[in-house]
$ cat target.csv   # CSV, N, CA and C atoms
chain,number,residue,atom,x,y,z
N,99,MET,N,102.2,-1.3,89.7
N,99,MET,CA,103.4,-0.7,90.3
N,99,MET,C,103.6,0.7,89.8
N,100,ASN,N,104.3,1.5,90.6
N,100,ASN,CA,104.6,2.8,90.3
N,100,ASN,C,105.8,2.9,89.4
N,101,SER,N,105.6,3.3,88.1
N,101,SER,CA,106.6,3.3,87.1
N,101,SER,C,107.7,4.3,87.4
N,102,GLY,N,107.5,5.3,88.2
N,102,GLY,CA,108.5,6.3,88.5
N,102,GLY,C,109.5,5.9,89.6
N,103,VAL,N,109.4,4.7,90.1
N,103,VAL,CA,110.2,4.2,91.2
N,103,VAL,C,111.4,3.5,90.5
N,104,ILE,N,112.6,3.9,91.0
N,104,ILE,CA,113.9,3.3,90.5
N,104,ILE,C,114.2,2.0,91.1
N,105,THR,N,114.5,1.0,90.3
N,105,THR,CA,114.9,-0.3,90.8
N,105,THR,C,116.3,-0.7,90.5
N,106,LYS,N,116.9,0.0,89.4
N,106,LYS,CA,118.2,-0.3,89.0
N,106,LYS,C,118.8,0.9,88.2
N,107,VAL,N,120.1,1.2,88.4
N,107,VAL,CA,120.8,2.2,87.7
N,107,VAL,C,122.1,1.7,87.2
N,108,GLU,N,122.3,1.9,85.9
N,108,GLU,CA,123.5,1.5,85.2
N,108,GLU,C,124.1,2.8,84.5
N,109,TYR,N,125.4,2.7,84.3
N,109,TYR,CA,126.0,3.9,83.7
N,109,TYR,C,127.1,3.4,82.7
N,110,ARG,N,127.4,4.3,81.8
N,110,ARG,CA,128.6,4.2,81.0
N,110,ARG,C,129.2,5.5,80.7
N,111,ILE,N,130.5,5.6,80.7
N,111,ILE,CA,131.2,6.9,80.5
N,111,ILE,C,131.4,6.9,79.0
N,112,LEU,N,130.9,7.9,78.3
N,112,LEU,CA,130.9,8.0,76.9
N,112,LEU,C,132.4,8.2,76.4
N,113,PRO,N,132.8,7.5,75.4
N,113,PRO,CA,132.1,6.7,74.4
N,113,PRO,C,132.1,5.2,74.6
N,114,ASP,N,132.2,4.7,75.9
N,114,ASP,CA,132.2,3.3,76.2
N,114,ASP,C,130.9,2.7,75.7
N,115,VAL,N,131.0,1.4,75.4
N,115,VAL,CA,129.8,0.6,74.9
N,115,VAL,C,129.1,-0.1,76.0
N,116,ASP,N,129.8,-0.6,76.9
N,116,ASP,CA,129.2,-1.5,78.0
N,116,ASP,C,128.7,-0.6,79.2
N,117,PHE,N,127.6,-1.0,79.8
N,117,PHE,CA,127.1,-0.4,81.0
N,117,PHE,C,127.6,-1.2,82.2
N,118,SER,N,127.8,-0.4,83.3
N,118,SER,CA,128.1,-1.0,84.6
N,118,SER,C,127.0,-0.6,85.5
N,119,GLU,N,126.8,-1.5,86.5
N,119,GLU,CA,125.7,-1.3,87.4
N,119,GLU,C,126.2,-0.6,88.7
N,120,LEU,N,125.4,0.4,89.1
N,120,LEU,CA,125.6,1.1,90.4
N,120,LEU,C,124.8,0.2,91.5
N,121,ASP,N,125.4,0.1,92.6
N,121,ASP,CA,124.8,-0.7,93.7
N,121,ASP,C,123.8,0.2,94.5
N,122,VAL,N,122.7,0.5,93.8
N,122,VAL,CA,121.6,1.4,94.4
N,122,VAL,C,120.7,0.6,95.3
N,123,ILE,N,120.1,1.2,96.3
N,123,ILE,CA,119.1,0.6,97.1
N,123,ILE,C,117.8,0.6,96.3
N,124,PRO,N,117.3,-0.6,95.9
N,124,PRO,CA,116.1,-0.7,95.1
N,124,PRO,C,114.9,0.0,95.7
N,125,HIS,N,114.1,0.7,95.0
N,125,HIS,CA,112.9,1.5,95.4
N,125,HIS,C,113.3,2.6,96.4
N,126,SER,N,114.6,3.1,96.3
N,126,SER,CA,115.0,4.2,97.2
N,126,SER,C,114.9,5.5,96.5
N,127,GLY,N,114.5,5.5,95.3
N,127,GLY,CA,114.4,6.7,94.5
N,127,GLY,C,113.3,6.8,93.5
N,128,LYS,N,113.3,8.0,92.9
N,128,LYS,CA,112.3,8.2,91.9
N,128,LYS,C,112.9,9.1,90.8
N,129,PHE,N,112.2,9.2,89.7
N,129,PHE,CA,112.7,10.1,88.6
N,129,PHE,C,111.5,10.7,87.9
N,130,ALA,N,111.8,11.8,87.2
N,130,ALA,CA,110.7,12.6,86.6
N,130,ALA,C,111.3,13.3,85.4
N,131,GLU,N,110.5,13.6,84.4
N,131,GLU,CA,110.9,14.4,83.3
N,131,GLU,C,109.8,15.5,83.1
N,132,GLU,N,110.3,16.7,83.0
N,132,GLU,CA,109.4,17.8,82.8
N,132,GLU,C,109.7,18.6,81.5
N,133,VAL,N,108.7,19.2,80.9
N,133,VAL,CA,108.9,19.9,79.7
N,133,VAL,C,108.6,21.4,80.0
N,134,GLN,N,109.6,22.2,79.5
N,134,GLN,CA,109.4,23.7,79.7
N,134,GLN,C,109.4,24.3,78.3
N,135,ARG,N,108.5,25.2,78.1
N,135,ARG,CA,108.5,26.0,76.8
N,135,ARG,C,109.3,27.2,76.9
N,136,THR,N,110.3,27.3,76.1
N,136,THR,CA,111.2,28.5,76.1
N,136,THR,C,111.1,29.3,74.8
N,137,ASN,N,111.8,30.4,74.7
N,137,ASN,CA,111.7,31.1,73.5
N,137,ASN,C,112.4,30.4,72.3
N,138,ALA,N,113.4,29.5,72.7
N,138,ALA,CA,114.1,28.7,71.7
N,138,ALA,C,113.4,27.4,71.4
N,139,GLY,N,112.3,27.1,72.1
N,139,GLY,CA,111.6,25.8,71.8
N,139,GLY,C,111.4,25.0,73.1
N,140,LEU,N,111.2,23.7,73.0
N,140,LEU,CA,111.0,22.9,74.2
N,140,LEU,C,112.3,22.5,74.9
N,141,LEU,N,112.3,22.5,76.2
N,141,LEU,CA,113.5,22.0,77.0
N,141,LEU,C,113.0,20.9,77.9
N,142,TYR,N,113.6,19.7,77.8
N,142,TYR,CA,113.2,18.6,78.6
N,142,TYR,C,114.2,18.5,79.7
N,143,SER,N,113.7,18.5,81.0
N,143,SER,CA,114.6,18.4,82.2
N,143,SER,C,114.3,17.0,82.8
N,144,PHE,N,115.3,16.2,82.9
N,144,PHE,CA,115.2,14.9,83.5
N,144,PHE,C,116.0,14.9,84.8
N,145,SER,N,115.4,14.4,85.9
N,145,SER,CA,116.1,14.2,87.2
N,145,SER,C,115.7,12.9,87.8
N,146,ALA,N,116.7,12.3,88.4
N,146,ALA,CA,116.5,11.1,89.2
N,146,ALA,C,117.2,11.2,90.5
N,147,ASN,N,116.6,10.7,91.6
N,147,ASN,CA,117.2,10.7,92.9
N,147,ASN,C,117.1,9.3,93.4
N,148,PHE,N,118.2,8.9,94.0
N,148,PHE,CA,118.3,7.5,94.6
N,148,PHE,C,119.4,7.5,95.6
N,149,ASN,N,119.5,6.4,96.4
N,149,ASN,CA,120.5,6.2,97.4
N,149,ASN,C,121.4,5.0,97.1
N,150,ILE,N,122.6,5.1,97.6
N,150,ILE,CA,123.6,4.0,97.5
N,150,ILE,C,124.1,3.8,98.9
N,151,ALA,N,124.0,2.6,99.4
N,151,ALA,CA,124.4,2.3,100.7
N,151,ALA,C,125.9,1.9,100.7
N,152,ARG,N,126.5,1.7,101.9
N,152,ARG,CA,127.9,1.3,102.0
N,152,ARG,C,128.9,2.3,101.5
N,153,LEU,N,129.4,3.1,102.4
N,153,LEU,CA,130.5,4.0,102.0
N,153,LEU,C,131.7,3.2,102.0
N,154,ASN,N,132.4,3.1,100.8
N,154,ASN,CA,133.6,2.4,100.7
N,154,ASN,C,134.5,3.0,99.6
N,155,GLN,N,135.7,2.6,99.5
N,155,GLN,CA,136.7,3.2,98.5
N,155,GLN,C,136.2,2.9,97.1
N,156,GLU,N,135.7,1.8,96.8
N,156,GLU,CA,135.3,1.5,95.4
N,156,GLU,C,134.2,2.4,94.9
N,157,THR,N,133.2,2.5,95.8
N,157,THR,CA,132.1,3.4,95.4
N,157,THR,C,132.5,4.9,95.4
N,158,ASP,N,133.4,5.3,96.3
N,158,ASP,CA,134.0,6.6,96.3
N,158,ASP,C,134.6,6.9,94.9
N,159,LYS,N,135.4,5.9,94.5
N,159,LYS,CA,136.1,6.1,93.2
N,159,LYS,C,135.1,6.2,92.0
N,160,THR,N,134.1,5.3,92.0
N,160,THR,CA,133.1,5.3,90.9
N,160,THR,C,132.4,6.7,90.9
N,161,ILE,N,131.9,7.1,92.1
N,161,ILE,CA,131.2,8.4,92.2
N,161,ILE,C,132.0,9.6,91.7
N,162,ALA,N,133.3,9.6,92.1
N,162,ALA,CA,134.2,10.7,91.7
N,162,ALA,C,134.4,10.7,90.2
N,163,GLU,N,134.6,9.5,89.6
N,163,GLU,CA,134.8,9.3,88.2
N,163,GLU,C,133.5,9.8,87.4
N,164,LEU,N,132.4,9.5,87.9
N,164,LEU,CA,131.1,9.9,87.2
N,164,LEU,C,130.8,11.3,87.4
N,165,SER,N,131.2,11.9,88.5
N,165,SER,CA,130.9,13.3,88.7
N,165,SER,C,131.7,14.3,87.8
N,166,ASP,N,132.8,13.8,87.2
N,166,ASP,CA,133.6,14.7,86.4
N,166,ASP,C,133.5,14.4,84.9
N,167,ARG,N,132.7,13.4,84.5
N,167,ARG,CA,132.6,13.0,83.1
N,167,ARG,C,131.3,13.0,82.5
N,168,LYS,N,131.3,13.0,81.2
N,168,LYS,CA,130.0,12.9,80.4
N,168,LYS,C,129.6,11.5,80.5
N,169,ALA,N,128.4,11.2,80.8
N,169,ALA,CA,127.9,9.9,81.0
N,169,ALA,C,126.5,9.7,80.5
N,170,GLN,N,126.2,8.4,80.3
N,170,GLN,CA,124.8,8.0,80.0
N,170,GLN,C,124.4,7.0,81.0
N,171,PHE,N,123.2,7.2,81.5
N,171,PHE,CA,122.6,6.3,82.5
N,171,PHE,C,121.4,5.6,82.0
N,172,ARG,N,121.3,4.3,82.4
N,172,ARG,CA,120.2,3.5,82.0
N,172,ARG,C,119.4,3.2,83.4
N,173,ILE,N,118.3,3.7,83.5
N,173,ILE,CA,117.5,3.6,84.7
N,173,ILE,C,116.3,2.7,84.5
N,174,THR,N,116.2,1.7,85.3
N,174,THR,CA,115.1,0.7,85.2
N,174,THR,C,114.1,1.1,86.2
N,175,ASP,N,112.8,1.2,85.8
N,175,ASP,CA,111.7,1.5,86.7
N,175,ASP,C,111.1,0.2,87.3
N,176,ALA,N,110.1,0.4,88.1
N,176,ALA,CA,109.4,-0.7,88.8
N,176,ALA,C,108.6,-1.6,87.8
N,177,ASN,N,108.3,-1.1,86.6
N,177,ASN,CA,107.6,-1.9,85.6
N,177,ASN,C,108.6,-2.6,84.7
N,178,GLY,N,109.9,-2.4,84.9
N,178,GLY,CA,110.9,-3.1,84.0
N,178,GLY,C,111.3,-2.3,82.8
N,179,THR,N,110.7,-1.1,82.6
N,179,THR,CA,111.1,-0.2,81.5
N,179,THR,C,112.4,0.5,81.7
N,180,ARG,N,113.3,0.5,80.7
N,180,ARG,CA,114.6,1.1,80.9
N,180,ARG,C,114.6,2.5,80.2
N,181,HIS,N,115.0,3.5,80.9
N,181,HIS,CA,115.1,4.9,80.4
N,181,HIS,C,116.5,5.3,80.2
N,182,LEU,N,116.9,5.8,79.1
N,182,LEU,CA,118.3,6.2,78.8
N,182,LEU,C,118.4,7.7,79.0
N,183,ALA,N,119.2,8.2,79.9
N,183,ALA,CA,119.4,9.6,80.1
N,183,ALA,C,120.8,10.0,79.8
N,184,GLY,N,120.9,10.8,78.8
N,184,GLY,CA,122.3,11.3,78.4
N,184,GLY,C,122.7,10.7,77.1
N,185,ASP,N,123.5,11.5,76.3
N,185,ASP,CA,124.1,11.0,75.1
N,185,ASP,C,125.4,11.9,74.9
N,186,GLU,N,126.1,11.7,73.8
N,186,GLU,CA,127.3,12.5,73.6
N,186,GLU,C,127.1,14.0,73.4
N,187,PHE,N,125.9,14.4,72.9
N,187,PHE,CA,125.6,15.8,72.8
N,187,PHE,C,125.0,16.5,74.0
N,188,TYR,N,124.2,15.7,74.7
N,188,TYR,CA,123.6,16.2,75.9
N,188,TYR,C,123.8,15.1,77.0
N,189,PRO,N,124.9,15.1,77.6
N,189,PRO,CA,125.2,14.1,78.6
N,189,PRO,C,124.4,14.3,79.9
N,190,ALA,N,124.3,13.3,80.7
N,190,ALA,CA,123.7,13.4,82.0
N,190,ALA,C,124.8,13.6,83.0
N,191,ARG,N,124.5,14.2,84.1
N,191,ARG,CA,125.5,14.5,85.2
N,191,ARG,C,125.0,13.8,86.5
N,192,LEU,N,126.0,13.3,87.2
N,192,LEU,CA,125.7,12.7,88.5
N,192,LEU,C,126.2,13.6,89.6
N,193,TYR,N,125.4,13.9,90.6
N,193,TYR,CA,125.8,14.6,91.8
N,193,TYR,C,125.6,13.8,93.0
N,194,ALA,N,126.5,13.7,93.9
N,194,ALA,CA,126.3,12.8,95.0
N,194,ALA,C,126.9,13.5,96.3
N,195,SER,N,126.2,13.2,97.4
N,195,SER,CA,126.7,13.7,98.7
N,195,SER,C,126.8,12.5,99.6
N,196,ARG,N,127.8,12.5,100.5
N,196,ARG,CA,127.9,11.4,101.5
N,196,ARG,C,127.1,11.8,102.7
N,197,ASN,N,126.4,10.9,103.2
N,197,ASN,CA,125.6,11.1,104.4
N,197,ASN,C,126.1,10.1,105.5
N,198,VAL,N,126.7,10.7,106.5
N,198,VAL,CA,127.1,9.9,107.6
N,198,VAL,C,126.5,10.4,108.9
N,199,ASP,N,125.6,9.7,109.4
N,199,ASP,CA,124.8,10.1,110.6
N,199,ASP,C,125.0,9.0,111.7
N,200,GLY,N,125.5,9.4,112.9
N,200,GLY,CA,125.8,8.5,113.9
N,200,GLY,C,124.6,8.0,114.7
N,201,GLN,N,123.4,8.4,114.3
N,201,GLN,CA,122.2,8.0,115.1
N,201,GLN,C,121.8,6.6,114.7
N,202,PRO,N,121.3,5.8,115.6
N,202,PRO,CA,120.9,4.4,115.3
N,202,PRO,C,119.7,4.4,114.3
N,203,GLY,N,119.8,3.6,113.3
N,203,GLY,CA,118.7,3.5,112.3
N,203,GLY,C,118.8,4.6,111.2
N,204,SER,N,119.8,5.4,111.3
N,204,SER,CA,119.9,6.5,110.3
N,204,SER,C,120.6,5.9,109.0
N,205,PHE,N,120.5,6.7,107.9
N,205,PHE,CA,121.1,6.3,106.6
N,205,PHE,C,122.5,6.8,106.5
N,206,ASN,N,123.4,5.8,106.3
N,206,ASN,CA,124.8,6.1,106.0
N,206,ASN,C,125.1,5.7,104.6
N,207,GLY,N,125.3,6.6,103.7
N,207,GLY,CA,125.6,6.2,102.3
N,207,GLY,C,125.6,7.5,101.4
N,208,TYR,N,125.3,7.3,100.2
N,208,TYR,CA,125.3,8.4,99.2
N,208,TYR,C,123.9,8.7,98.8
N,209,ARG,N,123.6,10.0,98.7
N,209,ARG,CA,122.4,10.5,98.2
N,209,ARG,C,122.7,11.1,96.8
N,210,CYS,N,122.2,10.5,95.8
N,210,CYS,CA,122.6,10.8,94.4
N,210,CYS,C,121.5,11.4,93.6
N,211,THR,N,121.9,12.3,92.7
N,211,THR,CA,121.0,12.9,91.7
N,211,THR,C,121.6,12.9,90.4
N,212,ILE,N,120.8,12.5,89.4
N,212,ILE,CA,121.2,12.5,88.0
N,212,ILE,C,120.3,13.6,87.3
N,213,THR,N,121.0,14.5,86.6
N,213,THR,CA,120.2,15.5,85.9
N,213,THR,C,120.6,15.6,84.4
N,214,ARG,N,119.7,16.0,83.6
N,214,ARG,CA,120.0,16.2,82.1
N,214,ARG,C,119.0,17.2,81.6
N,215,ASN,N,119.5,18.2,80.9
N,215,ASN,CA,118.6,19.1,80.2
N,215,ASN,C,118.9,19.1,78.7
N,216,ALA,N,117.9,18.9,77.9
N,216,ALA,CA,118.2,18.8,76.4
N,216,ALA,C,116.9,19.2,75.7
N,217,PRO,N,117.0,19.5,74.4
N,217,PRO,CA,115.9,19.8,73.6
N,217,PRO,C,115.2,18.5,73.1
N,218,GLU,N,115.5,17.4,73.6
N,218,GLU,CA,114.8,16.1,73.2
N,218,GLU,C,114.5,15.3,74.5
N,219,MET,N,113.6,14.4,74.4
N,219,MET,CA,113.2,13.6,75.5
N,219,MET,C,114.2,12.5,75.8
N,220,THR,N,114.1,11.9,77.0
N,220,THR,CA,114.8,10.8,77.4
N,220,THR,C,114.4,9.6,76.5
N,221,THR,N,115.3,8.7,76.1
N,221,THR,CA,114.9,7.6,75.3
N,221,THR,C,114.4,6.5,76.2
N,222,ILE,N,113.5,5.7,75.7
N,222,ILE,CA,112.9,4.6,76.4
N,222,ILE,C,113.2,3.3,75.7
N,223,GLU,N,113.8,2.3,76.4
N,223,GLU,CA,114.0,1.0,75.8
N,223,GLU,C,112.9,0.0,76.3
N,224,TYR,N,112.2,-0.6,75.4
N,224,TYR,CA,111.2,-1.6,75.8
N,224,TYR,C,111.7,-3.0,75.7

$ encode --input "target.csv" --output "structure tokens"
Amino acid sequence: MNSGVITKVEYRILPDVDFSELDVIPHSGKFAEEVQRTNAGLLYSFSANFNIARLNQETDKTIAELSDRKAQFRITDANGTRHLAGDEFYPARLYASRNVDGQPGSFNGYRCTITRNAPEMTTIEY
């Protein structure tokens, strides 16, 4: 399996303890982490892209809440490995856009991106 493929995304708004699941379309996205060498040291850039179907009030509310807050995301890949993006010092951010296309067979939903830049790598849960 391709380990960079997203099958599940969960979130928690810091300092909450429990994670809640986003209703993502499995295998609709991917993620990557890159390392850049800067004058101040290493900078790890994490990004994840995925889709959420069904435009509705509940999802609108969740996306709006996540867009304005510090959050931690737990992303499960196709191998079942969970990656934690964000913490209280270097939170992850969610950006989403609504896509409404009136063409038959087109995608109507949210196109989401999670980003995080920090001097440390994303944590992996085995």

$ closest_residue --input "target.csv" --among "N:Glu186, N:Asp166, N:Asp175, N:Glu108" --to "Asp121 (chain N)" --atoms "all atoms listed in the file"
N:Glu108

$ select_by_dssp --input "target.csv" --residues "region 102-220 of chain N" --states "strand (DSSP E or B)" --output "compact mmCIF listing (two decimals) with N, CA and C atoms, in the frame of the given file"
# COMPACT_ATOMS: atom_id res chain seq x y z
N VAL N 103 109.40 4.70 90.10
CA VAL N 103 110.20 4.20 91.20
C VAL N 103 111.40 3.50 90.50
N ILE N 104 112.60 3.90 91.00
CA ILE N 104 113.90 3.30 90.50
C ILE N 104 114.20 2.00 91.10
N THR N 105 114.50 1.00 90.30
CA THR N 105 114.90 -0.30 90.80
C THR N 105 116.30 -0.70 90.50
N LYS N 106 116.90 0.00 89.40
CA LYS N 106 118.20 -0.30 89.00
C LYS N 106 118.80 0.90 88.20
N VAL N 107 120.10 1.20 88.40
CA VAL N 107 120.80 2.20 87.70
C VAL N 107 122.10 1.70 87.20
N GLU N 108 122.30 1.90 85.90
CA GLU N 108 123.50 1.50 85.20
C GLU N 108 124.10 2.80 84.50
N TYR N 109 125.40 2.70 84.30
CA TYR N 109 126.00 3.90 83.70
C TYR N 109 127.10 3.40 82.70
N ARG N 110 127.40 4.30 81.80
CA ARG N 110 128.60 4.20 81.00
C ARG N 110 129.20 5.50 80.70
N ILE N 111 130.50 5.60 80.70
CA ILE N 111 131.20 6.90 80.50
C ILE N 111 131.40 6.90 79.00
N SER N 118 127.80 -0.40 83.30
CA SER N 118 128.10 -1.00 84.60
C SER N 118 127.00 -0.60 85.50
N GLU N 119 126.80 -1.50 86.50
CA GLU N 119 125.70 -1.30 87.40
C GLU N 119 126.20 -0.60 88.70
N LEU N 120 125.40 0.40 89.10
CA LEU N 120 125.60 1.10 90.40
C LEU N 120 124.80 0.20 91.50
N VAL N 122 122.70 0.50 93.80
CA VAL N 122 121.60 1.40 94.40
C VAL N 122 120.70 0.60 95.30
N GLY N 127 114.50 5.50 95.30
CA GLY N 127 114.40 6.70 94.50
C GLY N 127 113.30 6.80 93.50
N LYS N 128 113.30 8.00 92.90
CA LYS N 128 112.30 8.20 91.90
C LYS N 128 112.90 9.10 90.80
N PHE N 129 112.20 9.20 89.70
CA PHE N 129 112.70 10.10 88.60
C PHE N 129 111.50 10.70 87.90
N ALA N 130 111.80 11.80 87.20
CA ALA N 130 110.70 12.60 86.60
C ALA N 130 111.30 13.30 85.40
N GLU N 131 110.50 13.60 84.40
CA GLU N 131 110.90 14.40 83.30
C GLU N 131 109.80 15.50 83.10
N GLU N 132 110.30 16.70 83.00
CA GLU N 132 109.40 17.80 82.80
C GLU N 132 109.70 18.60 81.50
N VAL N 133 108.70 19.20 80.90
CA VAL N 133 108.90 19.90 79.70
C VAL N 133 108.60 21.40 80.00
N GLN N 134 109.60 22.20 79.50
CA GLN N 134 109.40 23.70 79.70
C GLN N 134 109.40 24.30 78.30
N ARG N 135 108.50 25.20 78.10
CA ARG N 135 108.50 26.00 76.80
C ARG N 135 109.30 27.20 76.90
N THR N 136 110.30 27.30 76.10
CA THR N 136 111.20 28.50 76.10
C THR N 136 111.10 29.30 74.80
N GLY N 139 112.30 27.10 72.10
CA GLY N 139 111.60 25.80 71.80
C GLY N 139 111.40 25.00 73.10
N LEU N 140 111.20 23.70 73.00
CA LEU N 140 111.00 22.90 74.20
C LEU N 140 112.30 22.50 74.90
N LEU N 141 112.30 22.50 76.20
CA LEU N 141 113.50 22.00 77.00
C LEU N 141 113.00 20.90 77.90
N TYR N 142 113.60 19.70 77.80
CA TYR N 142 113.20 18.60 78.60
C TYR N 142 114.20 18.50 79.70
N SER N 143 113.70 18.50 81.00
CA SER N 143 114.60 18.40 82.20
C SER N 143 114.30 17.00 82.80
N PHE N 144 115.30 16.20 82.90
CA PHE N 144 115.20 14.90 83.50
C PHE N 144 116.00 14.90 84.80
N SER N 145 115.40 14.40 85.90
CA SER N 145 116.10 14.20 87.20
C SER N 145 115.70 12.90 87.80
N ALA N 146 116.70 12.30 88.40
CA ALA N 146 116.50 11.10 89.20
C ALA N 146 117.20 11.20 90.50
N ASN N 147 116.60 10.70 91.60
CA ASN N 147 117.20 10.70 92.90
C ASN N 147 117.10 9.30 93.40
N PHE N 148 118.20 8.90 94.00
CA PHE N 148 118.30 7.50 94.60
C PHE N 148 119.40 7.50 95.60
N ASN N 149 119.50 6.40 96.40
CA ASN N 149 120.50 6.20 97.40
C ASN N 149 121.40 5.00 97.10
N ILE N 150 122.60 5.10 97.60
CA ILE N 150 123.60 4.00 97.50
C ILE N 150 124.10 3.80 98.90
N ALA N 151 124.00 2.60 99.40
CA ALA N 151 124.40 2.30 100.70
C ALA N 151 125.90 1.90 100.70
N ALA N 169 128.40 11.20 80.80
CA ALA N 169 127.90 9.90 81.00
C ALA N 169 126.50 9.70 80.50
N GLN N 170 126.20 8.40 80.30
CA GLN N 170 124.80 8.00 80.00
C GLN N 170 124.40 7.00 81.00
N PHE N 171 123.20 7.20 81.50
CA PHE N 171 122.60 6.30 82.50
C PHE N 171 121.40 5.60 82.00
N ARG N 172 121.30 4.30 82.40
CA ARG N 172 120.20 3.50 82.00
C ARG N 172 119.40 3.20 83.40
N ILE N 173 118.30 3.70 83.50
CA ILE N 173 117.50 3.60 84.70
C ILE N 173 116.30 2.70 84.50
N THR N 174 116.20 1.70 85.30
CA THR N 174 115.10 0.70 85.20
C THR N 174 114.10 1.10 86.20
N ASP N 175 112.80 1.20 85.80
CA ASP N 175 111.70 1.50 86.70
C ASP N 175 111.10 0.20 87.30
N ARG N 180 113.30 0.50 80.70
CA ARG N 180 114.60 1.10 80.90
C ARG N 180 114.60 2.50 80.20
N HIS N 181 115.00 3.50 80.90
CA HIS N 181 115.10 4.90 80.40
C HIS N 181 116.50 5.30 80.20
N LEU N 182 116.90 5.80 79.10
CA LEU N 182 118.30 6.20 78.80
C LEU N 182 118.40 7.70 79.00
N ALA N 183 119.20 8.20 79.90
CA ALA N 183 119.40 9.60 80.10
C ALA N 183 120.80 10.00 79.80
N ALA N 190 124.30 13.30 80.70
CA ALA N 190 123.70 13.40 82.00
C ALA N 190 124.80 13.60 83.00
N ARG N 191 124.50 14.20 84.10
CA ARG N 191 125.50 14.50 85.20
C ARG N 191 125.00 13.80 86.50
N LEU N 192 126.00 13.30 87.20
CA LEU N 192 125.70 12.70 88.50
C LEU N 192 126.20 13.60 89.60
N TYR N 193 125.40 13.90 90.60
CA TYR N 193 125.80 14.60 91.80
C TYR N 193 125.60 13.80 93.00
N ALA N 194 126.50 13.70 93.90
CA ALA N 194 126.30 12.80 95.00
C ALA N 194 126.90 13.50 96.30
N SER N 195 126.20 13.20 97.40
CA SER N 195 126.70 13.70 98.70
C SER N 195 126.80 12.50 99.60
N ARG N 196 127.80 12.50 100.50
CA ARG N 196 127.90 11.40 101.50
C ARG N 196 127.10 11.80 102.70
N ASN N 197 126.40 10.90 103.20
CA ASN N 197 125.60 11.10 104.40
C ASN N 197 126.10 10.10 105.50
N GLY N 207 125.30 6.60 103.70
CA GLY N 207 125.60 6.20 102.30
C GLY N 207 125.60 7.50 101.40
N TYR N 208 125.30 7.30 100.20
CA TYR N 208 125.30 8.40 99.20
C TYR N 208 123.90 8.70 98.80
N ARG N 209 123.60 10.00 98.70
CA ARG N 209 122.40 10.50 98.20
C ARG N 209 122.70 11.10 96.80
N CYS N 210 122.20 10.50 95.80
CA CYS N 210 122.60 10.80 94.40
C CYS N 210 121.50 11.40 93.60
N THR N 211 121.90 12.30 92.70
CA THR N 211 121.00 12.90 91.70
C THR N 211 121.60 12.90 90.40
N ILE N 212 120.80 12.50 89.40
CA ILE N 212 121.20 12.50 88.00
C ILE N 212 120.30 13.60 87.30
N THR N 213 121.00 14.50 86.60
CA THR N 213 120.20 15.50 85.90
C THR N 213 120.60 15.60 84.40
N ARG N 214 119.70 16.00 83.60
CA ARG N 214 120.00 16.20 82.10
C ARG N 214 119.00 17.20 81.60
N ASN N 215 119.50 18.20 80.90
CA ASN N 215 118.60 19.10 80.20
C ASN N 215 118.90 19.10 78.70
N ALA N 216 117.90 18.90 77.90
CA ALA N 216 118.20 18.80 76.40
C ALA N 216 116.90 19.20 75.70

$ closest_residue --input "target.csv" --among "N:Ser126, N:Gln170, N:Ser204, N:Asn215" --to "Arg110 (chain N)" --atoms "only N, CA and C atoms"
N:Gln170

$ closest_residue --input "target.csv" --among "N:Leu192, N:Leu182, N:His125, N:Glu163" --to "Thr211 (chain N)" --atoms "all atoms listed in the file"
N:Leu192

$ atom_distance --input "target.csv" --atom1 "CA of Glu156 (chain N)" --atom2 "CA of Phe171 (chain N)"
18.7 Å

$ residues_around --input "target.csv" --residues "Asp185 (chain N)" --least-positions-apart "5" --cutoff "10 Å" --atoms "only C-alpha atoms" --output "PyMOL selection string"
chain N and resi 111-113+168-171+190+214+216+220-221
